[in-house]
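Written out below as structure tokens is the structure these notes cover.
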Amino acid sequence: MKKYKCLLCGYIYDPAVGDSSSGVAAGTAFEDLPDDWVCPDCGASKDEFEAVND
């Protein structure tokens, strides 16, 4: 699964890790995150993220 980077603060969402601070389990693809999920570091919405290559 691809990782996604926040364009505002640089946070990397890694599906292998998930986002425990928001209750997102490891293995959750970025596309499967809830629409109201926000960056845990800066609060940016999902549309402020872009796919990154490893």
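Chain labels A, B, ... are given in the sequence in which chains occur in the structure tokens; within each chain residues are numbered consecutively from 1, and ligands are likewise numbered from 1 in the order shown.
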Checklist entry - Among chain A, which residues carry a DSSP assignment of strand (DSSP E or B), reported as a PyMOL selection string? => result chain A and resi 3-6+12-13+19+24+38+45+49-52
Next on the checklist: With only C-alpha atoms as the counted atoms, please give the residues lying no more than 9 Å from range 33-48 of chain A, apart from itself and same-chain residues fewer than 6 positions off, as a PyMOL selection string.
Outcome noted: chain A and resi 5-11+13+19+21-22+24
Please, could you write that set of residues out with N, CA and C atoms as a compact mmCIF listing (two decimals), in the first residue's frame?
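The new file selection-v6.txt reads:
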```
# COMPACT_ATOMS: atom_id res chain seq x y z
N LYS A 5 1.65 11.70 2.04
CA LYS A 5 2.32 12.79 2.75
C LYS A 5 1.41 14.01 2.81
N CYS A 6 1.34 14.61 4.00
CA CYS A 6 0.60 15.86 4.18
C CYS A 6 1.39 16.98 3.53
N LEU A 7 0.75 17.71 2.65
CA LEU A 7 1.42 18.80 1.94
C LEU A 7 1.66 20.02 2.83
N LEU A 8 0.97 20.08 3.96
CA LEU A 8 1.11 21.23 4.84
C LEU A 8 2.22 21.06 5.88
N CYS A 9 2.35 19.85 6.44
CA CYS A 9 3.32 19.68 7.53
C CYS A 9 4.34 18.57 7.30
N GLY A 10 4.11 17.73 6.29
CA GLY A 10 5.06 16.67 5.99
C GLY A 10 4.79 15.34 6.68
N TYR A 11 3.71 15.26 7.48
CA TYR A 11 3.36 13.98 8.13
C TYR A 11 3.15 12.90 7.06
N TYR A 13 1.37 9.38 6.28
CA TYR A 13 0.43 8.33 6.70
C TYR A 13 0.91 7.03 6.08
N ASP A 19 -3.17 4.94 12.29
CA ASP A 19 -3.12 6.17 13.08
C ASP A 19 -3.82 5.90 14.41
N SER A 21 -3.81 7.42 17.15
CA SER A 21 -4.39 8.58 17.83
C SER A 21 -5.81 8.87 17.36
N SER A 22 -6.16 8.37 16.17
CA SER A 22 -7.52 8.54 15.65
C SER A 22 -8.30 7.23 15.61
N VAL A 24 -7.42 4.49 14.00
CA VAL A 24 -7.31 3.83 12.69
C VAL A 24 -6.35 2.66 12.83
```
Checklist entry - CA of Glu50 in chain A and CA of Met1 in chain A, how far apart in Å? => result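 Distance between the two atoms: 13.3 Å.
Omitting Ala16 in chain A and its sequence neighbours fewer than 4 positions away, and counting only C-alpha atoms, the residues within 9 Å are Met1, Lys3, Ala25, Ala26, Gly27, Thr28 and Ala29 of chain A.
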Next on the checklist: I'd like the contact shell of Lys2 in chain A - 9 Å cut-off, only C-alpha atoms, skipping same-chain residues fewer than 4 positions apart - returned as a VMD selection string.
Outcome noted: chain A and resid 13 to 15 29 to 30 51 to 54
If you run DSSP over the backbone, which residues in chain A end up helix (DSSP H, G or I)? Put them as an mmCIF file with N, CA, C and O atoms, in the first residue's frame.
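Saved file part.cif follows:
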```
data_model
loop_
_atom_site.group_PDB
_atom_site.id
_atom_site.type_symbol
_atom_site.label_atom_id
_atom_site.label_comp_id
_atom_site.auth_asym_id
_atom_site.auth_seq_id
_atom_site.Cartn_x
_atom_site.Cartn_y
_atom_site.Cartn_z
ATOM 1 N N SER A 20 -3.052 5.426 15.366
ATOM 2 C CA SER A 20 -3.646 5.036 16.648
ATOM 3 C C SER A 20 -4.295 6.204 17.371
ATOM 4 O O SER A 20 -5.261 6.024 18.122
ATOM 5 N N SER A 21 -3.808 7.424 17.146
ATOM 6 C CA SER A 21 -4.385 8.581 17.828
ATOM 7 C C SER A 21 -5.814 8.865 17.361
ATOM 8 O O SER A 21 -6.574 9.518 18.061
ATOM 9 N N SER A 22 -6.160 8.365 16.174
ATOM 10 C CA SER A 22 -7.520 8.542 15.646
ATOM 11 C C SER A 22 -8.297 7.234 15.607
ATOM 12 O O SER A 22 -9.375 7.164 15.030
ATOM 13 N N PHE A 30 -5.184 4.330 2.813
ATOM 14 C CA PHE A 30 -5.543 5.754 2.864
ATOM 15 C C PHE A 30 -6.950 5.969 2.308
ATOM 16 O O PHE A 30 -7.724 6.733 2.862
ATOM 17 N N GLU A 31 -7.260 5.285 1.227
ATOM 18 C CA GLU A 31 -8.573 5.425 0.586
ATOM 19 C C GLU A 31 -9.712 4.986 1.498
ATOM 20 O O GLU A 31 -10.852 5.407 1.314
ATOM 21 N N ASP A 32 -9.402 4.125 2.479
ATOM 22 C CA ASP A 32 -10.422 3.609 3.384
ATOM 23 C C ASP A 32 -10.564 4.422 4.670
ATOM 24 O O ASP A 32 -11.399 4.111 5.516
ATOM 25 N N LYS A 46 -8.021 15.194 4.227
ATOM 26 C CA LYS A 46 -7.445 14.186 3.333
ATOM 27 C C LYS A 46 -7.042 14.749 1.980
ATOM 28 O O LYS A 46 -6.098 14.256 1.363
ATOM 29 N N ASP A 47 -7.710 15.795 1.516
ATOM 30 C CA ASP A 47 -7.377 16.345 0.191
ATOM 31 C C ASP A 47 -6.073 17.136 0.192
ATOM 32 O O ASP A 47 -5.611 17.574 -0.858
ATOM 33 N N GLU A 48 -5.459 17.286 1.366
ATOM 34 C CA GLU A 48 -4.162 17.954 1.472
ATOM 35 C C GLU A 48 -3.011 16.945 1.477
ATOM 36 O O GLU A 48 -1.873 17.291 1.787
#
```
